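**Student:** Take a look at input.json, JSON, C-alpha atoms:
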[["chain", "number", "residue", "atom", "x", "y", "z"],
["A", 27, "MET", "CA", 6.87, 19.05, 3.33],
["A", 28, "LEU", "CA", 10.13, 18.48, 1.57],
["A", 29, "GLN", "CA", 11.15, 17.62, -1.97],
["A", 30, "ILE", "CA", 13.36, 14.78, -3.17],
["A", 31, "ASP", "CA", 13.67, 14.57, -6.94],
["A", 32, "ASP", "CA", 10.10, 14.64, -8.28],
["A", 33, "THR", "CA", 8.48, 13.73, -4.95],
["A", 34, "ILE", "CA", 6.97, 15.98, -2.31],
["A", 35, "ILE", "CA", 7.08, 14.22, 1.07],
["A", 36, "SER", "CA", 4.93, 14.94, 4.10],
["A", 37, "PHE", "CA", 6.82, 15.33, 7.38],
["A", 38, "ASP", "CA", 4.38, 12.73, 8.75],
["A", 39, "LEU", "CA", 6.73, 10.08, 7.33],
["A", 40, "PHE", "CA", 9.30, 11.20, 9.91],
["A", 41, "ASP", "CA", 6.97, 12.28, 12.72],
["A", 42, "LYS", "CA", 4.56, 9.35, 12.82],
["A", 43, "CYS", "CA", 5.54, 6.03, 14.32],
["A", 44, "PHE", "CA", 3.81, 3.06, 12.73],
["A", 45, "ALA", "CA", 4.02, -0.75, 12.71],
["A", 46, "CYS", "CA", 1.16, -2.92, 11.49],
["A", 47, "ASP", "CA", -0.39, -4.98, 14.25],
["A", 48, "LEU", "CA", -2.24, -7.70, 12.37],
["A", 49, "ALA", "CA", -3.02, -9.55, 15.59],
["A", 50, "GLN", "CA", -5.14, -6.54, 16.59],
["A", 51, "CYS", "CA", -6.54, -5.14, 13.34],
["A", 52, "LYS", "CA", -6.86, -8.47, 11.47],
["A", 53, "GLY", "CA", -5.98, -6.72, 8.18],
["A", 54, "ILE", "CA", -9.23, -4.77, 8.19],
["A", 55, "CYS", "CA", -7.78, -2.19, 5.74],
["A", 56, "CYS", "CA", -8.31, -4.80, 2.99],
["A", 57, "VAL", "CA", -11.96, -5.22, 3.98],
["A", 58, "GLU", "CA", -13.29, -1.76, 4.83],
["A", 59, "GLY", "CA", -13.27, 1.41, 2.78],
["A", 60, "ASP", "CA", -15.13, 3.29, 0.07],
["A", 61, "GLU", "CA", -13.31, 1.92, -2.96],
["A", 62, "GLY", "CA", -10.95, -0.85, -3.94],
["A", 63, "ALA", "CA", -7.17, -0.55, -3.68],
["A", 64, "PRO", "CA", -5.69, 2.01, -6.09],
["A", 65, "LEU", "CA", -3.87, 0.48, -9.06],
["A", 66, "GLN", "CA", -1.24, 1.97, -11.31],
["A", 67, "ASN", "CA", -2.01, 1.55, -14.99],
["A", 68, "ASP", "CA", 1.01, -0.71, -15.55],
["A", 69, "GLU", "CA", -0.11, -2.96, -12.69],
["A", 70, "ILE", "CA", -3.27, -3.93, -14.56],
["A", 71, "ALA", "CA", -1.26, -5.83, -17.20],
["A", 72, "THR", "CA", 0.91, -7.43, -14.48],
["A", 73, "ILE", "CA", -2.18, -8.57, -12.58],
["A", 74, "GLU", "CA", -3.69, -9.99, -15.77],
["A", 75, "GLN", "CA", -0.51, -12.05, -16.32],
["A", 76, "THR", "CA", -0.34, -13.33, -12.73],
["A", 77, "LEU", "CA", -4.07, -13.84, -12.26],
["A", 78, "PRO", "CA", -4.10, -17.55, -13.26],
["A", 79, "ALA", "CA", -1.74, -18.41, -10.37],
["A", 80, "VAL", "CA", -3.56, -16.12, -7.92],
["A", 81, "ARG", "CA", -7.02, -17.54, -8.70],
["A", 82, "ASN", "CA", -6.06, -20.73, -6.84],
["A", 83, "TYR", "CA", -6.00, -18.73, -3.58],
["A", 84, "LEU", "CA", -9.42, -17.17, -4.13],
["A", 85, "SER", "CA", -12.89, -18.43, -3.26],
["A", 86, "PRO", "CA", -15.42, -19.45, -5.91],
["A", 87, "LEU", "CA", -17.30, -16.18, -5.21],
["A", 88, "GLN", "CA", -14.16, -14.09, -5.76],
["A", 89, "ASN", "CA", -13.41, -15.90, -9.03],
["A", 90, "GLU", "CA", -17.02, -15.46, -10.14],
["A", 91, "ILE", "CA", -16.83, -11.71, -9.47],
["A", 92, "ILE", "CA", -13.60, -11.45, -11.46],
["A", 93, "ASP", "CA", -15.20, -13.40, -14.34],
["A", 94, "SER", "CA", -18.39, -11.34, -14.38],
["A", 95, "GLN", "CA", -17.14, -7.87, -13.36],
["A", 96, "ASN", "CA", -13.36, -7.98, -13.96],
["A", 97, "PHE", "CA", -10.71, -7.57, -11.23],
["A", 98, "TRP", "CA", -10.69, -3.78, -11.44],
["A", 99, "TYR", "CA", -12.94, -0.81, -12.19],
["A", 100, "ASN", "CA", -12.61, 2.96, -12.41],
["A", 101, "ASP", "CA", -13.58, 4.68, -9.18],
["A", 102, "ARG", "CA", -15.48, 7.96, -8.81],
["A", 103, "PHE", "CA", -12.29, 9.85, -9.73],
["A", 104, "ASP", "CA", -11.90, 7.73, -12.89],
["A", 105, "GLU", "CA", -8.85, 5.98, -11.41],
["A", 106, "PRO", "CA", -8.36, 2.19, -11.56],
["A", 107, "VAL", "CA", -8.98, 0.29, -8.30],
["A", 108, "THR", "CA", -9.44, -3.37, -7.37],
["A", 109, "GLN", "CA", -12.92, -4.85, -7.56],
["A", 110, "LEU", "CA", -14.86, -5.37, -4.33],
["A", 111, "VAL", "CA", -16.80, -8.32, -2.93],
["A", 112, "ASN", "CA", -20.24, -7.25, -1.73],
["A", 113, "GLY", "CA", -19.15, -3.60, -1.79],
["A", 114, "ALA", "CA", -16.57, -4.14, 0.95],
["A", 115, "ALA", "CA", -13.54, -6.46, 0.82],
["A", 116, "CYS", "CA", -10.97, -6.30, -1.96],
["A", 117, "VAL", "CA", -11.55, -9.12, -4.42],
["A", 118, "PHE", "CA", -8.01, -10.35, -3.63],
["A", 119, "ALA", "CA", -8.48, -10.42, 0.16],
["A", 120, "ILE", "CA", -8.09, -13.87, 1.71],
["A", 121, "PHE", "CA", -8.26, -14.99, 5.33],
["A", 122, "ASP", "CA", -5.89, -17.29, 7.19],
["A", 123, "GLN", "CA", -6.87, -19.88, 9.82],
["A", 124, "VAL", "CA", -7.06, -17.28, 12.61],
["A", 125, "GLY", "CA", -9.15, -14.78, 10.63],
["A", 126, "ILE", "CA", -6.41, -12.38, 9.57],
["A", 127, "CYS", "CA", -7.01, -10.86, 6.16],
["A", 128, "LYS", "CA", -4.10, -11.02, 3.74],
["A", 129, "CYS", "CA", -3.51, -10.42, 0.05],
["A", 130, "ALA", "CA", -3.77, -13.34, -2.38],
["A", 131, "PHE", "CA", -0.94, -11.80, -4.42],
["A", 132, "GLU", "CA", 1.29, -11.61, -1.36],
["A", 133, "LYS", "CA", 0.55, -15.25, -0.49],
["A", 134, "ALA", "CA", 1.28, -16.41, -4.06],
["A", 135, "PHE", "CA", 4.48, -14.31, -4.00],
["A", 136, "GLU", "CA", 5.58, -15.84, -0.67],
["A", 137, "ASP", "CA", 4.83, -19.31, -2.08],
["A", 138, "GLY", "CA", 7.09, -18.59, -5.08],
["A", 139, "LYS", "CA", 4.23, -18.78, -7.60],
["A", 140, "ILE", "CA", 4.57, -15.21, -8.90],
["A", 141, "GLU", "CA", 7.11, -12.36, -8.82],
["A", 142, "PHE", "CA", 4.56, -9.58, -8.16],
["A", 143, "ALA", "CA", 4.28, -8.95, -4.40],
["A", 144, "LYS", "CA", 1.02, -6.95, -4.47],
["A", 145, "PRO", "CA", -0.22, -3.59, -5.77],
["A", 146, "ILE", "CA", 2.16, -0.84, -4.70],
["A", 147, "SER", "CA", -0.66, 1.14, -3.07],
["A", 148, "CYS", "CA", -1.25, -1.79, -0.70],
["A", 149, "HIS", "CA", 2.45, -2.29, -0.05],
["A", 150, "LEU", "CA", 2.87, 1.41, 0.79],
["A", 151, "TYR", "CA", -0.20, 1.73, 3.01],
["A", 152, "PRO", "CA", -0.77, 3.87, 5.15],
["A", 153, "VAL", "CA", 1.01, 6.14, 2.69],
["A", 154, "ARG", "CA", -0.88, 7.31, -0.36],
["A", 155, "LEU", "CA", 0.64, 8.72, -3.54],
["A", 156, "GLN", "CA", -0.98, 11.49, -5.52],
["A", 157, "LYS", "CA", 0.22, 12.87, -8.84],
["A", 158, "TYR", "CA", 0.39, 16.67, -9.11],
["A", 159, "HIS", "CA", 1.57, 17.77, -12.52],
["A", 160, "GLU", "CA", 5.25, 16.70, -12.58],
["A", 161, "HIS", "CA", 5.39, 15.81, -8.87],
["A", 162, "ILE", "CA", 4.23, 12.87, -6.76],
["A", 163, "ALA", "CA", 2.94, 13.76, -3.30],
["A", 164, "ILE", "CA", 3.67, 11.19, -0.58],
["A", 165, "ASN", "CA", 1.22, 11.58, 2.29],
["A", 166, "TYR", "CA", 0.22, 9.67, 5.39],
["A", 167, "HIS", "CA", -3.41, 8.53, 5.28],
["A", 168, "LYS", "CA", -4.89, 8.60, 8.77],
["A", 169, "TRP", "CA", -7.58, 5.99, 9.36],
["A", 170, "ASN", "CA", -8.86, 4.87, 12.73],
["A", 171, "VAL", "CA", -8.51, 1.17, 11.83],
["A", 172, "CYS", "CA", -4.75, 1.75, 12.09],
["A", 173, "ASP", "CA", -4.78, 3.17, 15.62],
["A", 174, "CYS", "CA", -3.25, -0.08, 16.92],
["A", 175, "ALA", "CA", -0.41, 0.31, 14.37],
["A", 176, "LEU", "CA", 0.29, 3.81, 15.67],
["A", 177, "LYS", "CA", 0.44, 2.44, 19.22],
["A", 178, "LYS", "CA", 2.72, -0.44, 18.22],
["A", 179, "GLY", "CA", 4.92, 1.87, 16.15],
["A", 180, "LYS", "CA", 5.30, 4.23, 19.08],
["A", 181, "SER", "CA", 6.22, 1.41, 21.47],
["A", 182, "GLU", "CA", 8.78, 0.10, 18.95],
["A", 183, "GLN", "CA", 9.96, 3.63, 18.07],
["A", 184, "MET", "CA", 9.45, 2.79, 14.38],
["A", 185, "PRO", "CA", 9.18, 5.90, 12.18],
["A", 186, "LEU", "CA", 6.75, 5.47, 9.30],
["A", 187, "TYR", "CA", 9.43, 5.89, 6.63],
["A", 188, "ARG", "CA", 11.48, 3.05, 8.18],
["A", 189, "PHE", "CA", 8.45, 0.79, 8.49],
["A", 190, "LEU", "CA", 7.86, 1.36, 4.76],
["A", 191, "GLU", "CA", 11.49, 0.99, 3.68],
["A", 192, "THR", "CA", 10.91, -2.01, 1.39],
["A", 193, "PRO", "CA", 7.90, -0.63, -0.50],
["A", 194, "LEU", "CA", 9.43, 2.86, -0.72],
["A", 195, "LYS", "CA", 12.56, 1.34, -2.26],
["A", 196, "ARG", "CA", 10.38, -0.79, -4.55],
["A", 197, "ARG", "CA", 8.53, 2.30, -5.81],
["A", 198, "PHE", "CA", 11.26, 4.96, -5.83],
["A", 199, "GLY", "CA", 14.57, 3.06, -5.71],
["A", 200, "ASN", "CA", 17.47, 2.65, -3.27],
["A", 201, "GLU", "CA", 19.14, 5.96, -4.15],
["A", 202, "TRP", "CA", 15.92, 7.87, -3.49],
["A", 203, "TYR", "CA", 15.50, 6.09, -0.14],
["A", 204, "GLU", "CA", 19.06, 7.00, 0.86],
["A", 205, "LYS", "CA", 18.18, 10.66, 0.21],
["A", 206, "LEU", "CA", 15.05, 10.18, 2.32],
["A", 207, "GLU", "CA", 17.12, 8.83, 5.22],
["A", 208, "ILE", "CA", 19.44, 11.85, 5.04],
["A", 209, "ALA", "CA", 16.45, 14.19, 4.92],
["A", 210, "ALA", "CA", 14.87, 12.40, 7.90],
["A", 211, "LYS", "CA", 18.04, 12.77, 9.97],
["A", 212, "GLU", "CA", 18.41, 16.45, 9.08],
["A", 213, "THR", "CA", 14.72, 17.15, 9.68],
["A", 214, "ILE", "CA", 14.73, 15.46, 13.08],
["A", 215, "GLU", "CA", 17.95, 17.27, 14.11],
["A", 216, "TYR", "CA", 16.60, 20.60, 12.89],
["A", 217, "ARG", "CA", 13.36, 20.26, 14.79]]
In structure tokens, how does this file's structure come out?

**Tutor:**
Amino acid sequence: MLQIDDTIISFDLFDKCFACDLAQCKGICCVEGDEGAPLQNDEIATIEQTLPAVRNYLSPLQNEIIDSQNFWYNDRFDEPVTQLVNGAACVFAIFDQVGICKCAFEKAFEDGKIEFAKPISCHLYPVRLQKYHEHIAINYHKWNVCDCALKKGKSEQMPLYRFLETPLKRRFGNEWYEKLEIAAKETIEYR
């Protein structure tokens, strides 16, 4: 692990190759799992503001769940996460014509309806953030549903940190990402 500012970064970001392969996985990470997608506290207010535009992309069942149960709940660790449909799919998961699961926020963002792309935890996946006192740990989350992304990443020689450049910059800033690139180069040369 290495430290940049207040972050502690797993070497997996440099060592793992990764590139989502939606044609293979169909976005299953938005459908399977134990809990909803982690939310930052400030994202709850943003989602509340953008929800009217996003509702148009959701099914009647999804809107009913949001009305009756809210769009988020506290998980078993007392952390906010997105609500689930039938204990499985994220309440904001939508499917395109070929059955690929996508995010309603991302679709509304692409359509120019909102300025919020999607929760940062979703944008950063398969990386998970964990707060430890004054530090934020940045770790790779291994999940077998992403095996095809590991294969594709390896064939494209796409290191995980490069695949996640946009969301990492969104969360930590351009200057932080520049430091990460320097650290990646030095780490790879050193090893």

**Student:** What lies within 6 Å of range 55-60 of chain A using only C-alpha atoms, ignoring chain neighbours under 4 positions off, as a PyMOL selection string?

**Tutor:** chain A and resi 114-116

**Student:** Just write the chosen residues, C-alpha atoms, as a short mmCIF file (atom, residue, chain, number, x, y, z; two decimals), keeping the file's coordinate frame.

**Tutor:**
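Output file again10.cif follows:
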data_model
loop_
_atom_site.label_atom_id
_atom_site.label_comp_id
_atom_site.auth_asym_id
_atom_site.auth_seq_id
_atom_site.Cartn_x
_atom_site.Cartn_y
_atom_site.Cartn_z
CA ALA A 114 -16.57 -4.14 0.95
CA ALA A 115 -13.54 -6.46 0.82
CA CYS A 116 -10.97 -6.30 -1.96
#

**Student:** For each of A:Cys148, A:Ala210, A:Cys172, A:Ile140, take the minimum atom-to-atom distance to Gln75 in chain A, counting only C-alpha atoms, then give the residue where this is smallest.

**Tutor:** A:Ile140

**Student:** Just checking: using all atoms listed in the file, which residue out of A:Asn96, A:Thr76, A:Gln123, A:Asn82 ends up closest to Val111 in chain A?

**Tutor:** A:Asn96

**Student:** Please indicate the distance in Å from CA of Ile35 in chain A to CA of Asp173 in chain A, rounded to one decimal place.

**Tutor:**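 Atom-to-atom, CA of Ile35 in chain A to CA of Asp173 in chain A, that is 21.8 Å.
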
**Student:** Could you check which of A:Asp68, A:Glu191, A:Glu207, A:Asp32 is closest to Tyr151 in chain A, using all atoms listed in the file?

**Tutor:** A:Glu191
